[in-house]
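Student: Let me begin by handing over the structure; questions about it come next.
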Amino acid sequence: MSRKTSVLFVCLGNICRSPLAEAAFRAACERAGVEMEIDSAGTGDWHIGNAPDKRAQATARRHGIDISAYRARQVSQEDFSRFSHIVAMDSNNLEDLRDLQPAASTAKLSMMLEHVDGHRGRSVADPYFGGEEGFEITWKDVSRAADALLERLRQ
Ligand code: 4NP
């Protein structure tokens, strides 16, 4: 793995899926003893400065991780040079990132679940408008994708 590998996880609001993806990937890196720059951001600006959704916080807590200090921010132009890999939660996020990416940026864009065998093209479903159980599905999706992504980056 390149010493400069760094990963930004992106969803729409940066309060549900991408904070959980960030948490799962941080945990995977910790377990593997790998250090790298990791962050998350949203394509939208509605929740800038907010803590993760309470249901996302509760889900992370159930899995032993405290994300209450995370704060939402919006993707910036700078992110495209700061991070080597930018990982979108769904196909809309990926399209928005492609539109925002400066021509000179070499950041590799991908979708979270494409790192899991057999899940190419699948989005991490947005749990925002559903119940708490949807967040558990989000956790399952992002944690197995986080493991698979780290595995790929280490090859
Ligand atoms: P996220 O979920 O993109 O996973 O953080 C959402 C959060 C907020 C909204 C939509 C999705 N919203 O419409 O405010």
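Going by the structure tokens order, chains are called A, B, ..., each with residues numbered from 1, while ligands are numbered from 1 in the order shown.
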Could you list the protein, DNA and RNA residues that have any atom within 12 Å of ligand 1, counting only C-alpha atoms and all ligand atoms, and write them as JSON, numbers by chain?
Tutor: {"A": [9, 10, 11, 12, 13, 14, 15, 16, 17, 18, 19, 20, 21, 22, 40, 41, 42, 43, 44, 45, 46, 47, 48, 50, 51, 52, 53, 54, 55, 56, 57, 71, 72, 73, 74, 88, 89, 90, 91, 92, 93, 123, 124, 125, 126, 127, 128, 129, 130, 134, 135, 138, 139, 142]}
Student: So which residues touch Arg122 of chain A within 7 Å, counting only C-alpha atoms, skipping near sequence neighbours fewer than 3 positions away, as a JSON list (two decimals) with C-alpha atoms, in the first residue's frame?
Tutor:
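See selection.json below for the written result:
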[["chain", "number", "residue", "atom", "x", "y", "z"],
["A", 113, "LEU", "CA", -20.07, -1.81, -2.38],
["A", 114, "GLU", "CA", -18.12, -2.39, -5.59],
["A", 119, "HIS", "CA", -21.95, -6.18, -5.53]]
Student: Which of segment 8-124 of chain A counts as helix (DSSP H, G or I) under DSSP, as a ChimeraX atom specification please?
Tutor: /A:17-32,54-62,79-82,91-100,112-115
Student: Tell me, as number ranges by chain, which residues lie within 8 Å of Ala23 of chain A, counting only C-alpha atoms; anything in the same chain fewer than 4 positions away does not count.
Tutor: A: 19, 27, 60, 65, 67
Student: Kindly indicate which residue among A:Ile86, A:Met111, A:Val34, A:Ala28 lies nearest to Val7 of chain A, using only C-alpha atoms for the distances.
Tutor: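 The answer is A:Ile86, which sits nearest to Val7 of chain A.
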Student: Can you tell me, as a VMD selection string, which residues in segment 61-117 of chain A count as strand (DSSP E or B) by DSSP?
Tutor: chain A and resid 74 85 to 88 108 to 111
Student: Generate the output file for the selected residues, all heavy atoms, as a PDB file, in the first residue's frame.
Tutor:
ATOM      1  N   GLN A  74     -19.118  19.433   4.086  1.00  0.00           N
ATOM      2  CA  GLN A  74     -19.401  19.236   2.665  1.00  0.00           C
ATOM      3  C   GLN A  74     -18.101  18.942   1.910  1.00  0.00           C
ATOM      4  O   GLN A  74     -17.037  19.462   2.278  1.00  0.00           O
ATOM      5  CB  GLN A  74     -20.058  20.496   2.104  1.00  0.00           C
ATOM      6  CG  GLN A  74     -20.645  20.318   0.718  1.00  0.00           C
ATOM      7  CD  GLN A  74     -21.459  21.532   0.279  1.00  0.00           C
ATOM      8  OE1 GLN A  74     -21.245  22.638   0.755  1.00  0.00           O
ATOM      9  NE2 GLN A  74     -22.382  21.313  -0.640  1.00  0.00           N
ATOM     10  N   HIS A  85      -8.184   8.264  -2.520  1.00  0.00           N
ATOM     11  CA  HIS A  85      -9.381   7.491  -2.842  1.00  0.00           C
ATOM     12  C   HIS A  85     -10.617   8.171  -2.263  1.00  0.00           C
ATOM     13  O   HIS A  85     -10.621   8.526  -1.075  1.00  0.00           O
ATOM     14  CB  HIS A  85      -9.274   6.066  -2.280  1.00  0.00           C
ATOM     15  CG  HIS A  85      -8.210   5.248  -2.945  1.00  0.00           C
ATOM     16  ND1 HIS A  85      -6.856   5.448  -2.698  1.00  0.00           N
ATOM     17  CD2 HIS A  85      -8.280   4.254  -3.862  1.00  0.00           C
ATOM     18  CE1 HIS A  85      -6.158   4.602  -3.435  1.00  0.00           C
ATOM     19  NE2 HIS A  85      -6.989   3.864  -4.151  1.00  0.00           N
ATOM     20  N   ILE A  86     -11.632   8.328  -3.090  1.00  0.00           N
ATOM     21  CA  ILE A  86     -12.898   8.907  -2.634  1.00  0.00           C
ATOM     22  C   ILE A  86     -13.992   7.883  -2.938  1.00  0.00           C
ATOM     23  O   ILE A  86     -14.153   7.456  -4.088  1.00  0.00           O
ATOM     24  CB  ILE A  86     -13.180  10.265  -3.316  1.00  0.00           C
ATOM     25  CG1 ILE A  86     -12.017  11.237  -3.031  1.00  0.00           C
ATOM     26  CG2 ILE A  86     -14.502  10.844  -2.830  1.00  0.00           C
ATOM     27  CD1 ILE A  86     -12.185  12.624  -3.640  1.00  0.00           C
ATOM     28  N   VAL A  87     -14.695   7.485  -1.881  1.00  0.00           N
ATOM     29  CA  VAL A  87     -15.613   6.344  -1.990  1.00  0.00           C
ATOM     30  C   VAL A  87     -17.051   6.806  -1.744  1.00  0.00           C
ATOM     31  O   VAL A  87     -17.398   7.242  -0.644  1.00  0.00           O
ATOM     32  CB  VAL A  87     -15.219   5.243  -0.978  1.00  0.00           C
ATOM     33  CG1 VAL A  87     -16.111   4.027  -1.162  1.00  0.00           C
ATOM     34  CG2 VAL A  87     -13.752   4.857  -1.136  1.00  0.00           C
ATOM     35  N   ALA A  88     -17.868   6.721  -2.787  1.00  0.00           N
ATOM     36  CA  ALA A  88     -19.257   7.175  -2.731  1.00  0.00           C
ATOM     37  C   ALA A  88     -20.168   6.063  -2.209  1.00  0.00           C
ATOM     38  O   ALA A  88     -19.940   4.884  -2.487  1.00  0.00           O
ATOM     39  CB  ALA A  88     -19.705   7.579  -4.134  1.00  0.00           C
ATOM     40  N   LYS A 108      -8.903   8.476  -6.960  1.00  0.00           N
ATOM     41  CA  LYS A 108      -9.656   7.365  -7.546  1.00  0.00           C
ATOM     42  C   LYS A 108     -11.053   7.338  -6.950  1.00  0.00           C
ATOM     43  O   LYS A 108     -11.225   7.198  -5.732  1.00  0.00           O
ATOM     44  CB  LYS A 108      -8.964   6.037  -7.235  1.00  0.00           C
ATOM     45  CG  LYS A 108      -7.869   5.694  -8.222  1.00  0.00           C
ATOM     46  CD  LYS A 108      -7.440   4.254  -8.073  1.00  0.00           C
ATOM     47  CE  LYS A 108      -8.380   3.324  -8.841  1.00  0.00           C
ATOM     48  NZ  LYS A 108      -7.850   1.952  -8.927  1.00  0.00           N
ATOM     49  N   LEU A 109     -12.048   7.453  -7.817  1.00  0.00           N
ATOM     50  CA  LEU A 109     -13.440   7.434  -7.350  1.00  0.00           C
ATOM     51  C   LEU A 109     -14.007   6.024  -7.472  1.00  0.00           C
ATOM     52  O   LEU A 109     -13.731   5.324  -8.448  1.00  0.00           O
ATOM     53  CB  LEU A 109     -14.274   8.395  -8.206  1.00  0.00           C
ATOM     54  CG  LEU A 109     -14.409   9.851  -7.738  1.00  0.00           C
ATOM     55  CD1 LEU A 109     -13.099  10.451  -7.318  1.00  0.00           C
ATOM     56  CD2 LEU A 109     -15.056  10.694  -8.830  1.00  0.00           C
ATOM     57  N   SER A 110     -14.784   5.617  -6.486  1.00  0.00           N
ATOM     58  CA  SER A 110     -15.427   4.301  -6.560  1.00  0.00           C
ATOM     59  C   SER A 110     -16.706   4.322  -5.745  1.00  0.00           C
ATOM     60  O   SER A 110     -17.005   5.303  -5.051  1.00  0.00           O
ATOM     61  CB  SER A 110     -14.493   3.208  -6.012  1.00  0.00           C
ATOM     62  OG  SER A 110     -14.270   3.395  -4.623  1.00  0.00           O
ATOM     63  N   MET A 111     -17.465   3.237  -5.828  1.00  0.00           N
ATOM     64  CA  MET A 111     -18.648   3.073  -4.979  1.00  0.00           C
ATOM     65  C   MET A 111     -18.321   2.054  -3.894  1.00  0.00           C
ATOM     66  O   MET A 111     -17.662   1.044  -4.147  1.00  0.00           O
ATOM     67  CB  MET A 111     -19.840   2.594  -5.797  1.00  0.00           C
ATOM     68  CG  MET A 111     -20.578   3.743  -6.427  1.00  0.00           C
ATOM     69  SD  MET A 111     -22.352   3.569  -6.304  1.00  0.00           S
ATOM     70  CE  MET A 111     -22.662   2.181  -7.345  1.00  0.00           C
TER      71      MET A 111
END
Student: Do you know which residues are at most 6 Å from segment 143-148 of chain A counting only C-alpha atoms, after dropping those on the same chain fewer than 3 positions away, and could you put them as a list in words?
Tutor: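 Skipping anything fewer than 3 positions along the chain leaves Ala24, Phe25, Leu113, His115, Val116, Trp139, Lys140 and Glu151 of chain A.
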Student: With distances taken over only C-alpha atoms, which of A:Ala58, A:Asp79, A:Arg31, A:Lys4 is nearest to Glu133 of chain A?
Tutor: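 Smallest distance to Glu133 of chain A is found for A:Ala58.
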